[in-house]
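Next comes start-v2.cif, with mmCIF, N, CA and C atoms.
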data_target
loop_
_atom_site.label_atom_id
_atom_site.label_comp_id
_atom_site.auth_asym_id
_atom_site.auth_seq_id
_atom_site.Cartn_x
_atom_site.Cartn_y
_atom_site.Cartn_z
N MET A 335 -8.17 -4.95 17.52
CA MET A 335 -7.33 -4.90 16.34
C MET A 335 -5.92 -5.34 16.72
N ASN A 336 -5.38 -6.30 15.99
CA ASN A 336 -4.01 -6.76 16.21
C ASN A 336 -3.10 -6.12 15.17
N ILE A 337 -2.18 -5.32 15.64
CA ILE A 337 -1.29 -4.55 14.76
C ILE A 337 0.14 -5.04 14.94
N ILE A 338 0.79 -5.34 13.84
CA ILE A 338 2.20 -5.72 13.87
C ILE A 338 2.99 -4.59 13.22
N VAL A 339 4.08 -4.21 13.87
CA VAL A 339 4.97 -3.19 13.32
C VAL A 339 6.32 -3.84 13.08
N ALA A 340 6.74 -3.85 11.82
CA ALA A 340 8.05 -4.38 11.48
C ALA A 340 9.05 -3.22 11.59
N ILE A 341 10.08 -3.41 12.39
CA ILE A 341 11.05 -2.34 12.61
C ILE A 341 12.47 -2.84 12.32
N LYS A 342 13.35 -1.90 12.07
CA LYS A 342 14.75 -2.25 11.86
C LYS A 342 15.59 -1.52 12.89
N VAL A 343 16.50 -2.27 13.49
CA VAL A 343 17.45 -1.69 14.44
C VAL A 343 18.73 -1.39 13.65
N VAL A 344 19.19 -0.15 13.78
CA VAL A 344 20.38 0.31 13.05
C VAL A 344 21.37 0.91 14.03
N ALA A 345 22.56 1.18 13.55
CA ALA A 345 23.57 1.86 14.37
C ALA A 345 23.17 3.32 14.51
N ASP A 346 23.29 3.85 15.73
CA ASP A 346 22.98 5.26 15.97
C ASP A 346 23.97 6.11 15.17
N ASP A 347 23.44 6.88 14.23
CA ASP A 347 24.32 7.64 13.34
C ASP A 347 25.16 8.68 14.07
N GLN A 348 24.76 9.07 15.25
CA GLN A 348 25.56 10.03 16.02
C GLN A 348 26.84 9.39 16.56
N ASP A 349 26.86 8.06 16.63
CA ASP A 349 28.02 7.35 17.17
C ASP A 349 28.96 6.81 16.08
N ILE A 350 28.58 6.97 14.82
CA ILE A 350 29.40 6.47 13.72
C ILE A 350 30.55 7.44 13.47
N GLN A 351 31.74 6.88 13.35
CA GLN A 351 32.91 7.71 13.10
C GLN A 351 33.53 7.33 11.76
N VAL A 352 34.25 8.27 11.18
CA VAL A 352 34.97 8.00 9.93
C VAL A 352 36.41 7.69 10.30
N ALA A 353 36.87 6.51 9.88
CA ALA A 353 38.25 6.08 10.16
C ALA A 353 39.22 6.81 9.22
N ALA A 354 40.49 6.72 9.53
CA ALA A 354 41.53 7.40 8.75
C ALA A 354 41.52 6.98 7.28
N ASP A 355 41.12 5.73 7.01
CA ASP A 355 41.11 5.26 5.62
C ASP A 355 39.81 5.61 4.88
N GLY A 356 38.92 6.35 5.56
CA GLY A 356 37.66 6.78 4.94
C GLY A 356 36.50 5.83 5.16
N SER A 357 36.75 4.69 5.77
CA SER A 357 35.67 3.74 6.05
C SER A 357 34.90 4.18 7.29
N LEU A 358 33.72 3.63 7.45
CA LEU A 358 32.89 3.96 8.60
C LEU A 358 33.19 3.00 9.75
N ASP A 359 33.42 3.57 10.91
CA ASP A 359 33.68 2.79 12.11
C ASP A 359 32.43 2.82 12.97
N MET A 360 31.75 1.68 13.04
CA MET A 360 30.51 1.58 13.81
C MET A 360 30.70 0.83 15.12
N SER A 361 31.93 0.62 15.50
CA SER A 361 32.22 -0.19 16.69
C SER A 361 31.66 0.41 17.98
N LYS A 362 31.50 1.71 18.03
CA LYS A 362 30.98 2.35 19.24
C LYS A 362 29.52 2.79 19.11
N ALA A 363 28.93 2.48 17.97
CA ALA A 363 27.55 2.90 17.71
C ALA A 363 26.56 1.99 18.45
N LYS A 364 25.68 2.60 19.19
CA LYS A 364 24.65 1.87 19.94
C LYS A 364 23.50 1.51 18.99
N PRO A 365 22.81 0.40 19.25
CA PRO A 365 21.66 0.04 18.43
C PRO A 365 20.45 0.91 18.77
N VAL A 366 19.80 1.42 17.74
CA VAL A 366 18.58 2.22 17.91
C VAL A 366 17.58 1.82 16.83
N VAL A 367 16.32 2.13 17.06
CA VAL A 367 15.30 1.89 16.05
C VAL A 367 15.44 2.96 14.98
N SER A 368 15.39 2.53 13.73
CA SER A 368 15.47 3.47 12.61
C SER A 368 14.42 4.57 12.80
N ALA A 369 14.82 5.80 12.52
CA ALA A 369 13.92 6.94 12.71
C ALA A 369 12.61 6.78 11.93
N TYR A 370 12.67 6.18 10.75
CA TYR A 370 11.47 5.98 9.95
C TYR A 370 10.53 4.97 10.62
N ASP A 371 11.10 4.00 11.30
CA ASP A 371 10.29 3.00 11.98
C ASP A 371 9.67 3.55 13.27
N LEU A 372 10.28 4.55 13.85
CA LEU A 372 9.67 5.21 15.00
C LEU A 372 8.32 5.80 14.61
N ASN A 373 8.23 6.30 13.37
CA ASN A 373 6.95 6.83 12.88
C ASN A 373 5.91 5.72 12.77
N ALA A 374 6.32 4.54 12.33
CA ALA A 374 5.40 3.41 12.22
C ALA A 374 4.93 2.95 13.60
N ILE A 375 5.83 2.94 14.56
CA ILE A 375 5.46 2.58 15.93
C ILE A 375 4.44 3.58 16.47
N GLU A 376 4.68 4.86 16.24
CA GLU A 376 3.75 5.89 16.72
C GLU A 376 2.38 5.73 16.07
N ALA A 377 2.35 5.47 14.77
CA ALA A 377 1.08 5.28 14.07
C ALA A 377 0.34 4.07 14.63
N ALA A 378 1.06 2.99 14.89
CA ALA A 378 0.44 1.79 15.46
C ALA A 378 -0.13 2.08 16.84
N ALA A 379 0.63 2.79 17.66
CA ALA A 379 0.16 3.12 19.02
C ALA A 379 -1.09 3.98 18.97
N LYS A 380 -1.13 4.93 18.03
CA LYS A 380 -2.32 5.79 17.90
C LYS A 380 -3.53 5.00 17.44
N LEU A 381 -3.33 4.09 16.49
CA LEU A 381 -4.43 3.24 16.03
C LEU A 381 -4.95 2.37 17.18
N ALA A 382 -4.04 1.81 17.93
CA ALA A 382 -4.44 0.95 19.05
C ALA A 382 -5.21 1.75 20.10
N GLU A 383 -4.75 2.95 20.35
CA GLU A 383 -5.42 3.81 21.34
C GLU A 383 -6.84 4.15 20.89
N ALA A 384 -7.02 4.32 19.59
CA ALA A 384 -8.33 4.70 19.05
C ALA A 384 -9.28 3.50 18.92
N ASN A 385 -8.76 2.30 19.05
CA ASN A 385 -9.57 1.09 18.91
C ASN A 385 -9.40 0.22 20.15
N GLU A 386 -10.35 0.33 21.05
CA GLU A 386 -10.28 -0.37 22.33
C GLU A 386 -10.03 -1.86 22.14
N GLY A 387 -9.18 -2.42 22.99
CA GLY A 387 -8.87 -3.84 22.93
C GLY A 387 -7.79 -4.19 21.92
N SER A 388 -7.17 -3.19 21.34
CA SER A 388 -6.13 -3.44 20.34
C SER A 388 -4.81 -3.81 20.99
N LYS A 389 -3.97 -4.45 20.19
CA LYS A 389 -2.66 -4.89 20.66
C LYS A 389 -1.63 -4.56 19.59
N VAL A 390 -0.48 -4.04 20.02
CA VAL A 390 0.62 -3.72 19.10
C VAL A 390 1.79 -4.65 19.38
N CYS A 391 2.23 -5.35 18.34
CA CYS A 391 3.41 -6.21 18.44
C CYS A 391 4.47 -5.66 17.49
N ALA A 392 5.67 -5.48 17.99
CA ALA A 392 6.79 -5.07 17.15
C ALA A 392 7.61 -6.31 16.85
N ILE A 393 8.17 -6.35 15.63
CA ILE A 393 8.97 -7.49 15.22
C ILE A 393 10.21 -6.98 14.50
N THR A 394 11.34 -7.60 14.79
CA THR A 394 12.59 -7.18 14.15
C THR A 394 13.54 -8.36 14.03
N VAL A 395 14.48 -8.24 13.12
CA VAL A 395 15.51 -9.25 12.92
C VAL A 395 16.84 -8.54 12.72
N GLY A 396 17.89 -9.10 13.27
CA GLY A 396 19.22 -8.50 13.12
C GLY A 396 20.27 -9.30 13.85
N PRO A 397 21.49 -8.77 13.87
CA PRO A 397 22.58 -9.47 14.56
C PRO A 397 22.36 -9.51 16.07
N SER A 398 23.13 -10.31 16.76
CA SER A 398 22.96 -10.46 18.21
C SER A 398 23.13 -9.14 18.96
N SER A 399 23.80 -8.18 18.36
CA SER A 399 24.01 -6.88 19.02
C SER A 399 22.71 -6.11 19.25
N ILE A 400 21.63 -6.48 18.56
CA ILE A 400 20.37 -5.76 18.78
C ILE A 400 19.68 -6.22 20.05
N ASP A 401 20.13 -7.32 20.64
CA ASP A 401 19.56 -7.83 21.88
C ASP A 401 20.08 -7.01 23.05
N ASP A 402 19.51 -5.82 23.18
CA ASP A 402 19.97 -4.82 24.14
C ASP A 402 18.80 -4.41 25.03
N SER A 403 18.95 -4.52 26.33
CA SER A 403 17.84 -4.24 27.24
C SER A 403 17.36 -2.80 27.16
N LYS A 404 18.26 -1.86 27.00
CA LYS A 404 17.86 -0.46 26.88
C LYS A 404 17.03 -0.24 25.61
N LEU A 405 17.44 -0.87 24.53
CA LEU A 405 16.70 -0.78 23.27
C LEU A 405 15.31 -1.38 23.43
N LYS A 406 15.24 -2.54 24.04
CA LYS A 406 13.95 -3.21 24.23
C LYS A 406 13.00 -2.33 25.06
N LYS A 407 13.51 -1.76 26.14
CA LYS A 407 12.69 -0.88 26.98
C LYS A 407 12.20 0.33 26.19
N ASN A 408 13.07 0.88 25.35
CA ASN A 408 12.71 2.03 24.52
C ASN A 408 11.57 1.68 23.58
N ILE A 409 11.63 0.51 22.97
CA ILE A 409 10.58 0.09 22.04
C ILE A 409 9.26 -0.12 22.79
N LEU A 410 9.32 -0.85 23.89
CA LEU A 410 8.11 -1.15 24.65
C LEU A 410 7.48 0.09 25.28
N ALA A 411 8.28 1.10 25.56
CA ALA A 411 7.77 2.33 26.16
C ALA A 411 7.00 3.20 25.17
N ARG A 412 7.05 2.85 23.90
CA ARG A 412 6.39 3.65 22.85
C ARG A 412 4.99 3.15 22.52
N GLY A 413 4.42 2.30 23.35
CA GLY A 413 3.07 1.80 23.11
C GLY A 413 3.03 0.42 22.51
N VAL A 414 4.16 -0.25 22.47
CA VAL A 414 4.23 -1.62 21.97
C VAL A 414 3.93 -2.57 23.12
N ASP A 415 3.00 -3.50 22.89
CA ASP A 415 2.62 -4.45 23.92
C ASP A 415 3.56 -5.66 23.99
N GLU A 416 4.01 -6.11 22.81
CA GLU A 416 4.91 -7.26 22.75
C GLU A 416 6.00 -6.99 21.72
N LEU A 417 7.18 -7.52 22.01
CA LEU A 417 8.31 -7.38 21.10
C LEU A 417 8.83 -8.76 20.75
N PHE A 418 8.93 -9.03 19.46
CA PHE A 418 9.48 -10.28 18.96
C PHE A 418 10.77 -9.93 18.24
N MET A 419 11.88 -10.38 18.80
CA MET A 419 13.19 -10.01 18.29
C MET A 419 13.98 -11.26 17.92
N ILE A 420 14.39 -11.32 16.66
CA ILE A 420 15.26 -12.40 16.21
C ILE A 420 16.66 -11.80 16.16
N ALA A 421 17.46 -12.11 17.17
CA ALA A 421 18.81 -11.55 17.29
C ALA A 421 19.82 -12.67 17.10
N ASP A 422 20.40 -12.72 15.91
CA ASP A 422 21.31 -13.80 15.56
C ASP A 422 22.36 -13.25 14.60
N ASP A 423 23.61 -13.53 14.87
CA ASP A 423 24.67 -13.00 14.01
C ASP A 423 24.56 -13.46 12.56
N SER A 424 23.87 -14.55 12.30
CA SER A 424 23.66 -14.99 10.92
C SER A 424 22.73 -14.03 10.16
N ALA A 425 22.06 -13.15 10.89
CA ALA A 425 21.15 -12.18 10.28
C ALA A 425 21.78 -10.79 10.14
N SER A 426 23.09 -10.71 10.30
CA SER A 426 23.73 -9.39 10.30
C SER A 426 23.77 -8.72 8.93
N ASP A 427 23.79 -9.48 7.86
CA ASP A 427 23.88 -8.87 6.52
C ASP A 427 22.76 -9.34 5.60
N LEU A 428 21.57 -9.48 6.12
CA LEU A 428 20.46 -9.93 5.30
C LEU A 428 20.06 -8.84 4.29
N ASP A 429 19.77 -9.25 3.07
CA ASP A 429 19.25 -8.30 2.10
C ASP A 429 17.74 -8.19 2.31
N SER A 430 17.09 -7.36 1.51
CA SER A 430 15.65 -7.13 1.67
C SER A 430 14.84 -8.40 1.52
N TYR A 431 15.19 -9.21 0.54
CA TYR A 431 14.48 -10.46 0.28
C TYR A 431 14.54 -11.38 1.49
N ALA A 432 15.74 -11.60 2.00
CA ALA A 432 15.92 -12.50 3.14
C ALA A 432 15.26 -11.93 4.40
N THR A 433 15.35 -10.63 4.59
CA THR A 433 14.72 -9.99 5.75
C THR A 433 13.21 -10.21 5.72
N ALA A 434 12.60 -10.01 4.56
CA ALA A 434 11.15 -10.20 4.42
C ALA A 434 10.77 -11.65 4.70
N GLU A 435 11.59 -12.58 4.26
CA GLU A 435 11.31 -14.00 4.51
C GLU A 435 11.32 -14.31 6.01
N VAL A 436 12.34 -13.82 6.71
CA VAL A 436 12.45 -14.07 8.15
C VAL A 436 11.29 -13.40 8.89
N LEU A 437 10.98 -12.17 8.52
CA LEU A 437 9.87 -11.47 9.19
C LEU A 437 8.54 -12.18 8.94
N ALA A 438 8.30 -12.63 7.73
CA ALA A 438 7.05 -13.33 7.42
C ALA A 438 6.92 -14.61 8.24
N ALA A 439 8.02 -15.33 8.37
CA ALA A 439 8.00 -16.56 9.18
C ALA A 439 7.70 -16.25 10.64
N GLU A 440 8.27 -15.18 11.14
CA GLU A 440 8.04 -14.80 12.54
C GLU A 440 6.61 -14.30 12.74
N ILE A 441 6.09 -13.57 11.77
CA ILE A 441 4.71 -13.09 11.86
C ILE A 441 3.75 -14.28 11.92
N ALA A 442 4.05 -15.34 11.18
CA ALA A 442 3.22 -16.55 11.21
C ALA A 442 3.20 -17.14 12.61
N LYS A 443 4.31 -17.04 13.33
CA LYS A 443 4.37 -17.54 14.70
C LYS A 443 3.60 -16.65 15.67
N VAL A 444 3.60 -15.34 15.39
CA VAL A 444 2.92 -14.38 16.26
C VAL A 444 1.42 -14.66 16.27
N GLY A 445 0.88 -14.99 15.12
CA GLY A 445 -0.54 -15.31 15.06
C GLY A 445 -1.32 -14.32 14.21
N GLU A 446 -2.60 -14.24 14.50
CA GLU A 446 -3.49 -13.42 13.68
C GLU A 446 -3.16 -11.94 13.82
N TYR A 447 -3.37 -11.22 12.73
CA TYR A 447 -3.14 -9.78 12.71
C TYR A 447 -4.15 -9.14 11.77
N ASP A 448 -4.42 -7.88 12.01
CA ASP A 448 -5.32 -7.11 11.15
C ASP A 448 -4.56 -6.15 10.25
N LEU A 449 -3.36 -5.77 10.70
CA LEU A 449 -2.60 -4.76 9.97
C LEU A 449 -1.12 -4.95 10.27
N VAL A 450 -0.30 -4.80 9.24
CA VAL A 450 1.15 -4.79 9.41
C VAL A 450 1.64 -3.43 8.94
N LEU A 451 2.34 -2.73 9.81
CA LEU A 451 2.89 -1.41 9.47
C LEU A 451 4.40 -1.50 9.35
N CYS A 452 4.93 -0.77 8.39
CA CYS A 452 6.37 -0.65 8.21
C CYS A 452 6.70 0.82 8.04
N GLY A 453 7.91 1.20 8.39
CA GLY A 453 8.34 2.56 8.15
C GLY A 453 8.59 2.80 6.67
N ASP A 454 8.86 4.02 6.33
CA ASP A 454 9.07 4.42 4.94
C ASP A 454 10.31 3.79 4.33
N GLY A 455 11.27 3.47 5.15
CA GLY A 455 12.54 2.87 4.72
C GLY A 455 13.35 2.67 5.98
N SER A 456 14.59 2.30 5.84
CA SER A 456 15.44 2.17 7.02
C SER A 456 16.54 3.21 6.97
N ALA A 457 16.98 3.62 8.12
CA ALA A 457 17.96 4.71 8.21
C ALA A 457 19.33 4.31 7.70
N ASP A 458 19.57 3.01 7.50
CA ASP A 458 20.91 2.62 7.04
C ASP A 458 21.05 2.60 5.52
N ASN A 459 20.10 2.00 4.80
CA ASN A 459 20.25 2.00 3.34
C ASN A 459 19.02 2.49 2.59
N TYR A 460 17.91 2.66 3.23
CA TYR A 460 16.69 3.25 2.69
C TYR A 460 16.28 2.65 1.34
N ALA A 461 16.34 1.34 1.22
CA ALA A 461 16.01 0.67 -0.04
C ALA A 461 14.50 0.63 -0.32
N GLN A 462 13.69 0.73 0.69
CA GLN A 462 12.23 0.70 0.57
C GLN A 462 11.74 -0.58 -0.11
N GLN A 463 12.31 -1.71 0.27
CA GLN A 463 11.95 -2.98 -0.36
C GLN A 463 11.33 -4.00 0.59
N VAL A 464 11.70 -3.96 1.85
CA VAL A 464 11.23 -4.99 2.78
C VAL A 464 9.70 -4.97 2.89
N ASP A 465 9.11 -3.80 2.95
CA ASP A 465 7.65 -3.72 3.13
C ASP A 465 6.89 -4.38 1.98
N VAL A 466 7.26 -4.11 0.74
CA VAL A 466 6.53 -4.70 -0.39
C VAL A 466 6.81 -6.20 -0.50
N GLN A 467 8.04 -6.61 -0.21
CA GLN A 467 8.35 -8.03 -0.27
C GLN A 467 7.67 -8.79 0.87
N LEU A 468 7.56 -8.14 2.03
CA LEU A 468 6.85 -8.75 3.15
C LEU A 468 5.37 -8.92 2.80
N ALA A 469 4.76 -7.90 2.21
CA ALA A 469 3.36 -7.99 1.81
C ALA A 469 3.15 -9.12 0.82
N CYS A 470 4.08 -9.29 -0.10
CA CYS A 470 4.00 -10.36 -1.09
C CYS A 470 4.04 -11.72 -0.39
N ARG A 471 4.93 -11.89 0.57
CA ARG A 471 5.05 -13.17 1.28
C ARG A 471 3.83 -13.47 2.14
N LEU A 472 3.23 -12.41 2.68
CA LEU A 472 2.05 -12.59 3.52
C LEU A 472 0.77 -12.66 2.68
N ASP A 473 0.89 -12.39 1.38
CA ASP A 473 -0.24 -12.37 0.45
C ASP A 473 -1.30 -11.38 0.89
N VAL A 474 -0.84 -10.17 1.22
CA VAL A 474 -1.74 -9.09 1.62
C VAL A 474 -1.44 -7.86 0.76
N PRO A 475 -2.41 -6.95 0.63
CA PRO A 475 -2.16 -5.73 -0.14
C PRO A 475 -1.14 -4.84 0.56
N SER A 476 -0.49 -4.00 -0.22
CA SER A 476 0.51 -3.07 0.31
C SER A 476 0.17 -1.66 -0.12
N VAL A 477 0.21 -0.75 0.83
CA VAL A 477 0.03 0.67 0.54
C VAL A 477 1.32 1.36 0.93
N ASN A 478 1.91 2.06 -0.02
CA ASN A 478 3.21 2.70 0.24
C ASN A 478 3.09 4.22 0.19
N GLY A 479 4.02 4.87 0.84
CA GLY A 479 4.11 6.33 0.78
C GLY A 479 3.01 7.06 1.50
N ALA A 480 2.31 6.41 2.43
CA ALA A 480 1.26 7.09 3.19
C ALA A 480 1.88 8.12 4.13
N VAL A 481 1.30 9.30 4.17
CA VAL A 481 1.82 10.34 5.06
C VAL A 481 0.84 10.69 6.18
N SER A 482 -0.38 10.25 6.08
CA SER A 482 -1.35 10.47 7.16
C SER A 482 -2.50 9.50 7.02
#

Do you think you could lay out the structure here as structure tokens?
Amino acid sequence: MNIIVAIKVVADDQDIQVAADGSLDMSKAKPVVSAYDLNAIEAAAKLAEANEGSKVCAITVGPSSIDDSKLKKNILARGVDELFMIADDSASDLDSYATAEVLAAEIAKVGEYDLVLCGDGSADNYAQQVDVQLACRLDVPSVNGAVS
């Protein structure tokens, strides 16, 4: 079974500070995988473990700051066999539509898959849109809100 997990890298909320003017200062925030996507990675790893010969590929898109060796090691240590990361500053403010387009294009490059997993939302804006838009672009069914 070939499993793809779409993940989002966000600023670690423990490192975000509030500036004097009330804005959020993320300059010292380290990149981390969204907590909701950690659940998707775990589900993919469990499925792969239960199905011999399975492979888990994680895929993400974001600004160049996500290209972090510690982050990559953290992702791969969670049962991910391959990581496909599009790290480009032009992707720093992508909306859900554009994110789904980039992910779908990258999934086409990855090759055949049996299942694409996404987290419930992302820890930064929790719009819950990328998964359904990605399913639409891949022309596959989408199941949302699964808890087990």

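Here atom C of Leu372 (chain A) stands at a distance of 28.7 Å from CA of Ser357 (chain A).
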
### Query
Just asking: which residues within chain A are strand (DSSP E or B) according to DSSP, as JSON, numbers by chain?
{"A": [336, 337, 338, 339, 340, 343, 344, 345, 351, 352, 358, 359, 365, 366, 367, 389, 390, 391, 392, 393, 394, 395, 396, 416, 417, 418, 419, 420, 421, 449, 450, 451, 452]}

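The smallest atom-to-atom distance between Ala369 (chain A) and any of A:Asp423, A:Asp347, A:Glu435, A:Glu440, using only C-alpha atoms, is found for A:Asp347.
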
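Here atom C of Asp448 (chain A) stands at a distance of 24.4 Å from atom N of Lys406 (chain A).
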
### Query
For Ala382 (chain A), which residue out of A:Gln467, A:Asn336, A:Gln462, A:Ser430 is the nearest one, using only C-alpha atoms?
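Among the listed residues, A:Asn336 lies closest to Ala382 (chain A).
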
### Task
Go through chain A and collect every residue that DSSP, computed from the backbone, puts in alpha helix (DSSP H); the answer should be as a ChimeraX atom specification.
/A:369-384,403-410,430-444,464-472

### Using all atoms listed in the file: which of A:Leu417, A:Ile393, A:Val366, A:Met360 has the shortest distance to Ile338 (chain A)
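Looking only at the distances to Ile338 (chain A), the closest residue turns out to be A:Ile393.
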
### Query
Which is closest to Asp349 (chain A) among A:Lys380, A:Arg412, A:Lys389, A:Lys364, if we use all atoms listed in the file?
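Among the listed residues, the smallest separation from Asp349 (chain A) belongs to A:Lys364.
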
### Message
What's the separation between atom N of Glu376 (chain A) and CA of Asn478 (chain A), in Å to one decimal place?
### Response
16.2 Å
